[in-house]
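File shown: target_11.txt. Contents: compact mmCIF, C-alpha atoms.
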# COMPACT_ATOMS: atom_id res chain seq x y z
CA MET A 1 49.85 17.48 -14.00
CA LYS A 2 53.06 19.15 -12.90
CA GLN A 3 55.65 16.86 -11.31
CA SER A 4 58.73 17.49 -9.16
CA HIS A 5 62.13 18.53 -10.49
CA GLU A 6 63.38 15.06 -9.53
CA TYR A 7 60.74 13.41 -11.70
CA TYR A 8 61.71 15.28 -14.86
CA MET A 9 65.45 14.99 -14.17
CA ASN A 10 65.11 11.24 -13.78
CA LEU A 11 63.50 11.17 -17.23
CA ALA A 12 66.48 13.12 -18.57
CA TYR A 13 68.80 10.68 -16.79
CA ARG A 14 67.19 7.69 -18.49
CA LEU A 15 67.55 9.46 -21.83
CA ALA A 16 71.23 10.07 -21.13
CA LEU A 17 71.78 6.35 -20.58
CA LYS A 18 70.80 5.71 -24.21
CA GLY A 19 74.08 7.33 -25.28
CA MET A 20 76.31 5.13 -23.13
CA GLY A 21 79.02 3.50 -25.19
CA LEU A 22 78.30 5.69 -28.21
CA VAL A 23 79.47 9.23 -27.38
CA SER A 24 82.96 8.86 -25.84
CA PRO A 25 85.05 10.79 -25.18
CA ASN A 26 82.04 13.09 -24.71
CA PRO A 27 79.68 12.53 -21.76
CA CYS A 28 76.21 11.06 -22.26
CA VAL A 29 73.58 13.72 -21.59
CA GLY A 30 69.78 13.82 -21.56
CA ALA A 31 67.40 16.79 -21.79
CA VAL A 32 63.65 17.32 -21.32
CA VAL A 33 61.53 20.42 -22.05
CA VAL A 34 58.43 20.87 -19.88
CA ASP A 35 55.70 23.49 -20.42
CA LYS A 36 54.13 25.58 -17.63
CA ARG A 37 51.43 22.94 -17.09
CA GLY A 38 54.00 20.20 -16.54
CA ASN A 39 53.57 18.55 -19.94
CA ILE A 40 56.69 17.18 -21.61
CA ILE A 41 56.83 18.89 -25.00
CA SER A 42 60.25 17.69 -26.20
CA LYS A 43 63.10 15.33 -25.31
CA GLY A 44 66.62 14.71 -26.54
CA TYR A 45 69.91 13.00 -25.78
CA HIS A 46 73.46 13.00 -27.13
CA LYS A 47 73.38 10.12 -29.62
CA TYR A 48 76.91 9.90 -31.03
CA PHE A 49 80.27 11.62 -30.77
CA GLY A 50 80.31 14.76 -32.89
CA GLY A 51 76.52 14.83 -33.12
CA PRO A 52 74.11 17.39 -31.65
CA HIS A 53 74.14 17.73 -27.87
CA ALA A 54 71.09 16.77 -25.83
CA GLU A 55 69.92 20.38 -25.40
CA VAL A 56 70.05 20.91 -29.16
CA GLU A 57 68.12 17.69 -29.82
CA ALA A 58 65.42 18.83 -27.38
CA LEU A 59 65.15 22.46 -28.51
CA LEU A 60 65.58 22.53 -32.29
CA GLY A 61 62.06 21.42 -33.16
CA LEU A 62 60.40 23.97 -30.89
CA ASN A 63 59.36 27.55 -31.66
CA LYS A 64 59.13 30.44 -29.19
CA LYS A 65 55.39 29.91 -28.75
CA ASP A 66 56.02 26.32 -27.63
CA ILE A 67 58.83 27.39 -25.31
CA LYS A 68 57.06 30.32 -23.60
CA ASP A 69 57.20 29.77 -19.81
CA SER A 70 58.77 26.33 -20.35
CA THR A 71 61.59 24.75 -18.33
CA LEU A 72 64.59 22.88 -19.72
CA TYR A 73 65.90 19.97 -17.63
CA VAL A 74 69.41 18.81 -18.53
CA THR A 75 71.56 16.26 -16.70
CA LEU A 76 74.89 18.10 -17.18
CA GLU A 77 75.74 21.81 -17.24
CA PRO A 78 75.32 23.18 -20.80
CA CYS A 79 78.57 23.98 -22.58
CA ASN A 80 79.60 27.57 -23.30
CA HIS A 81 82.48 26.94 -25.72
CA TYR A 82 82.99 25.91 -29.33
CA GLY A 83 84.06 22.30 -29.83
CA LYS A 84 82.74 19.99 -32.50
CA THR A 85 79.42 21.82 -32.04
CA PRO A 86 78.47 25.43 -31.09
CA PRO A 87 77.78 26.37 -27.44
CA CYS A 88 74.49 25.01 -26.13
CA THR A 89 74.05 28.07 -23.90
CA GLU A 90 73.59 30.33 -26.93
CA LEU A 91 70.82 28.19 -28.39
CA ILE A 92 69.05 28.10 -25.01
CA ILE A 93 69.21 31.90 -24.82
CA LYS A 94 68.16 32.35 -28.47
CA LYS A 95 65.15 30.08 -28.04
CA GLY A 96 63.88 32.16 -25.12
CA ILE A 97 64.02 29.54 -22.36
CA LYS A 98 63.47 31.31 -19.02
CA LYS A 99 64.31 28.48 -16.60
CA VAL A 100 66.96 25.75 -16.73
CA VAL A 101 67.32 22.94 -14.19
CA VAL A 102 70.82 21.40 -14.25
CA GLY A 103 71.53 18.02 -12.70
CA ILE A 104 75.23 18.53 -12.01
CA GLU A 105 77.99 21.00 -12.85
CA ASP A 106 80.46 20.01 -15.57
CA LYS A 107 84.02 19.47 -14.27
CA ASN A 108 85.48 19.97 -17.73
CA PRO A 109 87.81 22.99 -17.29
CA LEU A 110 86.36 24.43 -20.53
CA VAL A 111 82.92 24.53 -18.92
CA GLU A 112 83.05 24.27 -15.08
CA GLY A 113 80.52 26.91 -14.10
CA LYS A 114 80.88 29.02 -17.23
CA GLY A 115 77.71 27.61 -18.79
CA ILE A 116 75.63 28.32 -15.68
CA LYS A 117 77.15 31.80 -15.39
CA ARG A 118 76.32 32.61 -19.02
CA LEU A 119 72.68 31.53 -18.59
CA LYS A 120 72.28 33.63 -15.45
CA GLU A 121 73.85 36.65 -17.16
CA ALA A 122 71.17 36.31 -19.86
CA GLY A 123 68.46 36.55 -17.20
CA ILE A 124 67.63 32.84 -17.11
CA GLU A 125 66.70 31.27 -13.76
CA VAL A 126 69.04 28.33 -13.09
CA ILE A 127 68.56 25.57 -10.50
CA VAL A 128 71.51 23.22 -9.94
CA GLY A 129 71.97 19.88 -8.18
CA VAL A 130 68.79 17.88 -8.83
CA ILE A 131 69.59 14.12 -8.39
CA ARG A 132 73.24 15.16 -8.09
CA GLU A 133 74.32 11.94 -6.31
CA LYS A 134 72.98 9.65 -9.05
CA LEU A 135 74.50 11.83 -11.77
CA SER A 136 77.89 12.03 -10.03
CA ILE A 137 78.11 8.24 -10.42
CA LEU A 138 77.10 8.43 -14.08
CA TYR A 139 79.73 11.07 -14.84
CA LYS A 140 82.62 9.59 -12.84
CA PRO A 141 84.31 8.18 -15.96
CA PHE A 142 83.96 11.46 -17.88
CA PHE A 143 85.14 13.62 -14.99
CA LYS A 144 88.20 11.42 -14.48
CA TYR A 145 89.05 11.34 -18.18
CA ILE A 146 88.58 15.07 -18.79
CA ASN A 147 90.77 16.04 -15.82
CA THR A 148 93.52 13.38 -15.97
CA GLY A 149 93.56 12.21 -19.60
CA LEU A 150 93.32 8.62 -18.30
CA PRO A 151 90.53 6.11 -18.92
CA PHE A 152 88.15 5.06 -16.18
CA VAL A 153 89.15 1.44 -15.47
CA THR A 154 86.45 -1.11 -14.65
CA LEU A 155 87.83 -4.49 -13.62
CA LYS A 156 85.34 -7.30 -14.18
CA VAL A 157 86.07 -10.64 -12.53
CA ALA A 158 83.85 -13.73 -12.71
CA GLN A 159 84.81 -16.44 -10.24
CA SER A 160 83.73 -19.46 -8.26
CA LEU A 161 83.08 -19.19 -4.53
CA ASP A 162 86.67 -20.28 -3.88
CA GLY A 163 88.20 -17.66 -6.15
CA LYS A 164 88.78 -19.55 -9.41
CA ASN A 165 88.05 -17.92 -12.77
CA SER A 166 87.98 -21.07 -14.92
CA VAL A 167 88.19 -24.87 -15.09
CA ARG A 168 90.51 -27.21 -16.98
CA GLU A 169 88.02 -28.87 -19.34
CA GLY A 170 84.68 -28.44 -21.10
CA ASN A 171 82.52 -25.34 -20.83
CA ARG A 172 84.61 -22.64 -19.15
CA TYR A 173 81.82 -20.12 -18.59
CA LEU A 174 81.14 -19.98 -14.86
CA VAL A 175 78.36 -17.41 -15.08
CA SER A 176 74.77 -18.00 -16.20
CA GLU A 177 73.42 -16.77 -19.52
CA LYS A 178 71.58 -13.97 -17.74
CA THR A 179 74.88 -12.80 -16.25
CA LEU A 180 76.58 -13.12 -19.64
CA LYS A 181 74.05 -10.68 -21.04
CA TYR A 182 74.95 -8.26 -18.25
CA VAL A 183 78.67 -8.65 -19.06
CA HIS A 184 78.07 -7.97 -22.75
CA ARG A 185 76.11 -4.85 -21.82
CA LEU A 186 79.20 -3.74 -19.86
CA ARG A 187 81.22 -4.31 -23.02
CA PHE A 188 78.83 -2.19 -25.08
CA HIS A 189 79.08 0.65 -22.55
CA SER A 190 82.89 0.52 -22.79
CA ASP A 191 85.20 1.97 -25.43
CA ALA A 192 87.72 -0.87 -25.25
CA ILE A 193 88.23 -4.22 -23.54
CA MET A 194 91.62 -5.29 -22.17
CA VAL A 195 93.05 -8.69 -21.24
CA GLY A 196 96.45 -10.19 -20.56
CA ILE A 197 98.16 -12.58 -22.95
CA ASN A 198 97.49 -15.61 -20.74
CA THR A 199 93.75 -15.11 -21.23
CA ILE A 200 94.32 -15.23 -24.99
CA LEU A 201 96.52 -18.34 -24.77
CA ASP A 202 94.25 -20.20 -22.33
CA ASP A 203 90.76 -19.27 -23.59
CA ASN A 204 91.27 -17.80 -27.09
CA PRO A 205 88.27 -15.44 -26.58
CA ARG A 206 86.65 -13.33 -29.30
CA LEU A 207 86.18 -10.33 -26.99
CA ASP A 208 83.18 -9.14 -28.98
CA ILE A 209 79.55 -8.29 -28.16
CA ARG A 210 77.13 -11.13 -28.82
CA TYR A 211 74.09 -10.12 -26.77
CA GLY A 212 71.91 -7.02 -27.09
CA LYS A 213 73.11 -3.94 -28.97
CA LYS A 214 76.34 -4.41 -30.88
CA LYS A 215 79.23 -2.24 -32.07
CA PRO A 216 82.90 -2.70 -33.06
CA LEU A 217 84.96 -2.93 -29.88
CA ILE A 218 88.63 -2.05 -29.53
CA LYS A 219 90.51 -5.02 -28.10
CA VAL A 220 93.62 -4.33 -26.03
CA ILE A 221 96.08 -7.17 -25.40
CA LEU A 222 98.99 -6.89 -22.96
CA ASP A 223 101.59 -9.16 -24.57
CA THR A 224 104.95 -8.33 -23.00
CA HIS A 225 106.97 -10.91 -24.94
CA GLY A 226 104.99 -10.97 -28.20
CA ARG A 227 103.43 -14.43 -27.84
CA ILE A 228 99.96 -13.88 -29.34
CA PRO A 229 99.16 -16.53 -32.00
CA GLU A 230 98.53 -15.34 -35.57
CA ASP A 231 95.19 -17.19 -35.61
CA ALA A 232 93.85 -15.78 -32.32
CA ASN A 233 90.10 -15.27 -32.37
CA VAL A 234 90.37 -11.56 -31.53
CA TYR A 235 91.55 -10.94 -35.11
CA ASN A 236 88.31 -12.40 -36.51
CA THR A 237 85.95 -9.82 -34.99
CA SER A 238 85.16 -6.20 -35.86
CA GLY A 239 87.22 -3.50 -34.19
CA LYS A 240 90.92 -2.75 -33.90
CA VAL A 241 93.29 -5.01 -31.95
CA ILE A 242 95.98 -3.06 -30.09
CA ILE A 243 98.94 -5.11 -28.86
CA TYR A 244 101.08 -3.54 -26.13
CA THR A 245 104.44 -5.26 -25.97
CA ALA A 246 108.04 -4.82 -24.86
CA ASN A 247 109.21 -7.16 -27.64
CA ARG A 248 110.69 -4.83 -30.27
CA LYS A 249 110.74 -7.66 -32.82
CA LYS A 250 106.96 -7.97 -32.84
CA VAL A 251 105.55 -6.88 -36.22
CA ILE A 252 102.05 -6.27 -37.59
CA LYS A 253 100.51 -9.32 -39.27
CA HIS A 254 96.83 -8.33 -39.53
CA GLU A 255 94.98 -5.41 -41.12
CA ASN A 256 93.12 -4.63 -37.89
CA GLU A 257 96.21 -4.91 -35.70
CA GLU A 258 98.34 -2.14 -34.20
CA ILE A 259 101.47 -2.72 -32.15
CA VAL A 260 102.52 -0.26 -29.46
CA TYR A 261 105.92 -0.68 -27.80
CA VAL A 262 106.06 0.14 -24.09
CA GLY A 263 108.56 -0.29 -21.31
CA LYS A 264 108.54 -3.11 -18.78
CA GLU A 265 107.65 -2.89 -15.12
CA GLY A 266 109.06 -6.02 -13.53
CA LYS A 267 107.99 -8.91 -15.76
CA HIS A 268 105.05 -7.16 -17.45
CA CYS A 269 104.21 -4.12 -19.57
CA ASN A 270 104.26 -0.77 -17.79
CA LEU A 271 100.57 -0.38 -17.00
CA LYS A 272 100.71 3.40 -16.52
CA GLU A 273 102.26 3.78 -19.98
CA VAL A 274 99.48 1.64 -21.43
CA LEU A 275 96.70 3.64 -19.77
CA THR A 276 98.29 6.95 -20.75
CA ASP A 277 98.43 5.87 -24.39
CA LEU A 278 94.81 4.65 -24.31
CA GLY A 279 93.74 8.01 -22.89
CA LYS A 280 95.46 9.81 -25.76
CA ARG A 281 93.39 7.65 -28.13
CA GLY A 282 90.16 8.93 -26.57
CA ILE A 283 89.41 5.79 -24.56
CA GLN A 284 87.27 7.06 -21.68
CA ASN A 285 85.81 3.76 -20.44
CA LEU A 286 88.13 0.74 -20.31
CA LEU A 287 86.79 -2.67 -19.31
CA VAL A 288 89.37 -5.17 -18.07
CA GLU A 289 88.46 -8.86 -18.10
CA GLY A 290 91.59 -10.46 -16.62
CA GLY A 291 93.32 -12.74 -16.12
CA GLY A 292 94.55 -13.25 -12.61
CA LYS A 293 97.98 -11.63 -12.91
CA LEU A 294 96.69 -8.53 -14.70
CA SER A 295 93.82 -8.13 -12.22
CA TYR A 296 96.21 -8.31 -9.28
CA GLU A 297 98.78 -5.91 -10.77
CA LEU A 298 96.11 -3.31 -11.58
CA LEU A 299 94.72 -3.47 -8.05
CA LYS A 300 98.18 -3.43 -6.50
CA SER A 301 99.07 -0.32 -8.53
CA ASN A 302 95.81 1.46 -7.55
CA LEU A 303 94.77 1.68 -11.20
CA VAL A 304 91.25 0.23 -10.84
CA ASP A 305 88.39 2.71 -10.51
CA ARG A 306 85.51 0.24 -10.28
CA LEU A 307 85.50 -3.45 -9.38
CA VAL A 308 82.73 -5.66 -10.76
CA LEU A 309 82.93 -9.07 -9.08
CA LEU A 310 80.61 -11.84 -10.22
CA LEU A 311 80.34 -14.75 -7.78
CA THR A 312 79.05 -18.04 -9.16
CA PRO A 313 77.77 -20.97 -7.04
CA TYR A 314 80.68 -23.31 -7.77
CA ILE A 315 83.56 -24.67 -5.68
CA ILE A 316 86.40 -25.81 -7.97
CA GLY A 317 89.47 -26.34 -5.79
CA GLY A 318 93.07 -26.76 -6.94
CA LYS A 319 95.87 -24.25 -7.37
CA ASP A 320 95.19 -23.09 -10.93
CA TYR A 321 93.05 -20.32 -12.45
CA LEU A 322 93.17 -17.89 -9.54
CA SER A 323 91.10 -14.74 -10.08
CA PHE A 324 93.85 -12.71 -8.42
CA SER A 325 97.34 -14.17 -8.55
CA GLY A 326 100.71 -12.38 -8.66
CA ASP A 327 102.88 -12.16 -5.55
CA GLY A 328 99.99 -11.40 -3.21
CA PHE A 329 99.93 -9.02 -0.25
CA ASN A 330 101.82 -9.87 2.92
CA SER A 331 99.33 -8.41 5.38
CA LEU A 332 95.73 -7.22 5.67
CA LYS A 333 97.04 -3.68 6.04
CA GLU A 334 98.61 -3.86 2.56
CA SER A 335 95.66 -5.62 0.93
CA ILE A 336 92.75 -4.08 -0.97
CA TYR A 337 89.85 -3.30 1.35
CA LEU A 338 86.44 -2.41 -0.08
CA ASN A 339 85.07 0.48 1.98
CA ASN A 340 81.78 0.66 0.09
CA TYR A 341 80.15 -1.92 -2.11
CA ASN A 342 76.76 -2.97 -3.44
CA ILE A 343 75.50 -6.53 -3.77
CA LYS A 344 72.59 -7.85 -5.83
CA ARG A 345 71.48 -11.06 -7.52
CA VAL A 346 71.80 -11.55 -11.27
CA GLY A 347 69.98 -14.81 -11.97
CA ARG A 348 71.75 -17.46 -9.91
CA ASP A 349 74.91 -15.36 -9.55
CA ILE A 350 75.88 -12.60 -7.12
CA LEU A 351 77.05 -9.23 -8.41
CA LEU A 352 79.31 -7.10 -6.19
CA THR A 353 80.32 -3.64 -7.37
CA SER A 354 82.64 -1.23 -5.61
CA ASP A 355 84.19 2.08 -6.60
CA LEU A 356 87.81 2.01 -5.44
CA LEU A 357 89.02 5.50 -6.44

Once more with this new file: its structure as structure tokens, please.
Amino acid sequence: MKQSHEYYMNLAYRLALKGMGLVSPNPCVGAVVVDKRGNIISKGYHKYFGGPHAEVEALLGLNKKDIKDSTLYVTLEPCNHYGKTPPCTELIIKKGIKKVVVGIEDKNPLVEGKGIKRLKEAGIEVIVGVIREKLSILYKPFFKYINTGLPFVTLKVAQSLDGKNSVREGNRYLVSEKTLKYVHRLRFHSDAIMVGINTILDDNPRLDIRYGKKKPLIKVILDTHGRIPEDANVYNTSGKVIIYTANRKKVIKHENEEIVYVGKEGKHCNLKEVLTDLGKRGIQNLLVEGGGKLSYELLKSNLVDRLVLLLTPYIIGGKDYLSFSGDGFNSLKESIYLNNYNIKRVGRDILLTSDLL
């Protein structure tokens, strides 16, 4: 039975999500081919960077008899230029597809309407904008990266009800195991994870992925004065460790370590220099996990794109382990105000997410 455009595009959307964390700096894309009766005859998604695009995955196994009077649903405008792979538009035309439904236009200057124009010039009917709002959220990181060269910064903060991100002794995890699994999924969907040196010195985290699907994760440490211990746990996990420092005497001591010298901004590394360098390395999605000073400085400098705040049902008290420290804002007018946010439960914890930029 034939379904709505929204139904098939949502299927393509769910396929696209399978590529999250695996295709950067490319976007994750899903595609579905539906025959004239409404039957799904093929599906595909972009599986890894440099691999076939979603449209290619969906179309290659089909012949012209299969495709006759069929419709291709694709979450993002098909490309019309040569990159690591040939243009998807040419394969669509060659295969004889007569109708293409596009979720959202590609804001990559190399594409940006050119793919849709090429399909229309070939006599293909094109419908654009199905589930656009949902897809605009999915592609926010890619659109930012492709147009600015900077990573999309997600700041994740887990804290008690009174704004503390840790305790002095014993188990320092405030969140439940269910929430931990959510956090590690965030890590998998990211290209790199960044923390300040105080997080390394206080918690000595591994910064790896221990739940669900796993992959090597680039670990970024902001270490202005070069204080990271040689036996820090981050060196004992898969994935490169990049140390950003203003200490010119800091030297490489591990095979998986790279040192990048940057300027200082006040008492800490110049954050804009750090993000610019990460963008040049192809880091599209950057997850920041604190600590308090780094979180505050990023927010103060308007460098956070998405805030993920996890509230746990504890009251800790005291003056230490603030989730947001630094100098603080002097007035409500200067402070960070969340215009739009979403709240939901994750186990016993509360998850608040807000897009800031």

*Hey, what's within 7 Å of Gly282 (chain A) if we count all atoms listed in the file and toss same-chain stuff fewer than 3 positions away? As a list in words, please?*
Pro25, Leu278 and Gly279 of chain A

Compile the contact shell of Gly212 (chain A) as a short mmCIF file (atom, residue, chain, number, x, y, z; two decimals) with C-alpha atoms, keeping the file's coordinate frame: residues with an atom at most 9 Å away, counting only C-alpha atoms, same-chain residues fewer than 3 positions apart removed.
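Contents of selection_8.cif, as written:
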data_model
loop_
_atom_site.label_atom_id
_atom_site.label_comp_id
_atom_site.auth_asym_id
_atom_site.auth_seq_id
_atom_site.Cartn_x
_atom_site.Cartn_y
_atom_site.Cartn_z
CA LYS A 181 74.05 -10.68 -21.04
CA HIS A 184 78.07 -7.97 -22.75
CA ARG A 185 76.11 -4.85 -21.82
CA PHE A 188 78.83 -2.19 -25.08
CA ILE A 209 79.55 -8.29 -28.16
#

*Select all residues near (65.0, 25.2, -32.6) (cut-off 12 Å, inclusive, file coordinates), counting all atoms listed in the file, and output them as an NGL selection string.*
:A and (42 or 55-67 or 88 or 90-97)

Give me a file of those residues, with C-alpha atoms, as a PDB file, keeping the file's coordinate frame.
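As written to disk, again.pdb reads:
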ATOM      1  CA  SER A  42      60.250  17.690 -26.200  1.00  0.00           C
ATOM      2  CA  GLU A  55      69.920  20.380 -25.400  1.00  0.00           C
ATOM      3  CA  VAL A  56      70.050  20.910 -29.160  1.00  0.00           C
ATOM      4  CA  GLU A  57      68.120  17.690 -29.820  1.00  0.00           C
ATOM      5  CA  ALA A  58      65.420  18.830 -27.380  1.00  0.00           C
ATOM      6  CA  LEU A  59      65.150  22.460 -28.510  1.00  0.00           C
ATOM      7  CA  LEU A  60      65.580  22.530 -32.290  1.00  0.00           C
ATOM      8  CA  GLY A  61      62.060  21.420 -33.160  1.00  0.00           C
ATOM      9  CA  LEU A  62      60.400  23.970 -30.890  1.00  0.00           C
ATOM     10  CA  ASN A  63      59.360  27.550 -31.660  1.00  0.00           C
ATOM     11  CA  LYS A  64      59.130  30.440 -29.190  1.00  0.00           C
ATOM     12  CA  LYS A  65      55.390  29.910 -28.750  1.00  0.00           C
ATOM     13  CA  ASP A  66      56.020  26.320 -27.630  1.00  0.00           C
ATOM     14  CA  ILE A  67      58.830  27.390 -25.310  1.00  0.00           C
ATOM     15  CA  CYS A  88      74.490  25.010 -26.130  1.00  0.00           C
ATOM     16  CA  GLU A  90      73.590  30.330 -26.930  1.00  0.00           C
ATOM     17  CA  LEU A  91      70.820  28.190 -28.390  1.00  0.00           C
ATOM     18  CA  ILE A  92      69.050  28.100 -25.010  1.00  0.00           C
ATOM     19  CA  ILE A  93      69.210  31.900 -24.820  1.00  0.00           C
ATOM     20  CA  LYS A  94      68.160  32.350 -28.470  1.00  0.00           C
ATOM     21  CA  LYS A  95      65.150  30.080 -28.040  1.00  0.00           C
ATOM     22  CA  GLY A  96      63.880  32.160 -25.120  1.00  0.00           C
ATOM     23  CA  ILE A  97      64.020  29.540 -22.360  1.00  0.00           C
TER      24      ILE A  97
END

*One decimal, Å: what's the distance from CA of Thr312 (chain A) over to CA of Ile350 (chain A), could you say?*
6.6 Å

_Shell around Val34 (chain A) at 10 Å using all atoms listed in the file, local window under 4 positions removed, as a list in words_ =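 That gives Lys2, Gln3, Tyr8, Gly38, Asn39, Ile40, Ile41, Ser42, Lys43, Asp66, Ile67, Asp69, Ser70, Thr71, Leu72 and Tyr73 of chain A.
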
Serialized selection, C-alpha atoms, as a JSON list (two decimals), in the coordinates of the input:
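Final output, again_7.json:
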[["chain", "number", "residue", "atom", "x", "y", "z"],
["A", 2, "LYS", "CA", 53.06, 19.15, -12.90],
["A", 3, "GLN", "CA", 55.65, 16.86, -11.31],
["A", 8, "TYR", "CA", 61.71, 15.28, -14.86],
["A", 38, "GLY", "CA", 54.00, 20.20, -16.54],
["A", 39, "ASN", "CA", 53.57, 18.55, -19.94],
["A", 40, "ILE", "CA", 56.69, 17.18, -21.61],
["A", 41, "ILE", "CA", 56.83, 18.89, -25.00],
["A", 42, "SER", "CA", 60.25, 17.69, -26.20],
["A", 43, "LYS", "CA", 63.10, 15.33, -25.31],
["A", 66, "ASP", "CA", 56.02, 26.32, -27.63],
["A", 67, "ILE", "CA", 58.83, 27.39, -25.31],
["A", 69, "ASP", "CA", 57.20, 29.77, -19.81],
["A", 70, "SER", "CA", 58.77, 26.33, -20.35],
["A", 71, "THR", "CA", 61.59, 24.75, -18.33],
["A", 72, "LEU", "CA", 64.59, 22.88, -19.72],
["A", 73, "TYR", "CA", 65.90, 19.97, -17.63]]

*Residue among A:Val241, A:Cys79, A:Leu150, A:Ile197 lying closest to Val102 (chain A), counting all atoms listed in the file*: A:Cys79

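The spacing separating CA of Leu186 (chain A) from CA of Leu338 (chain A) amounts to 21.1 Å.
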
With 9 Å as the threshold, what does the neighbourhood of (96.2, -9.7, -10.8) contain in terms of residues, counting only C-alpha atoms? Coordinates are those of the file; answer as a PDB file with C-alpha atoms, in the coordinates of the input.
ATOM      1  CA  GLY A 290      91.590 -10.460 -16.620  1.00  0.00           C
ATOM      2  CA  GLY A 291      93.320 -12.740 -16.120  1.00  0.00           C
ATOM      3  CA  GLY A 292      94.550 -13.250 -12.610  1.00  0.00           C
ATOM      4  CA  LYS A 293      97.980 -11.630 -12.910  1.00  0.00           C
ATOM      5  CA  LEU A 294      96.690  -8.530 -14.700  1.00  0.00           C
ATOM      6  CA  SER A 295      93.820  -8.130 -12.220  1.00  0.00           C
ATOM      7  CA  TYR A 296      96.210  -8.310  -9.280  1.00  0.00           C
ATOM      8  CA  GLU A 297      98.780  -5.910 -10.770  1.00  0.00           C
ATOM      9  CA  LEU A 298      96.110  -3.310 -11.580  1.00  0.00           C
ATOM     10  CA  LEU A 299      94.720  -3.470  -8.050  1.00  0.00           C
ATOM     11  CA  LYS A 300      98.180  -3.430  -6.500  1.00  0.00           C
ATOM     12  CA  LEU A 322      93.170 -17.890  -9.540  1.00  0.00           C
ATOM     13  CA  SER A 323      91.100 -14.740 -10.080  1.00  0.00           C
ATOM     14  CA  PHE A 324      93.850 -12.710  -8.420  1.00  0.00           C
ATOM     15  CA  SER A 325      97.340 -14.170  -8.550  1.00  0.00           C
ATOM     16  CA  GLY A 326     100.710 -12.380  -8.660  1.00  0.00           C
ATOM     17  CA  ASP A 327     102.880 -12.160  -5.550  1.00  0.00           C
ATOM     18  CA  GLY A 328      99.990 -11.400  -3.210  1.00  0.00           C
TER      19      GLY A 328
END

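Summary of the local environment: counting all atoms listed in the file, residues at most 10 Å from Val274 (chain A), other than itself and those fewer than 6 positions away along its chain, are Leu150, Val220, Leu222, Tyr244, Thr245, Val260, Tyr261, Val262 and Gly263 of chain A.
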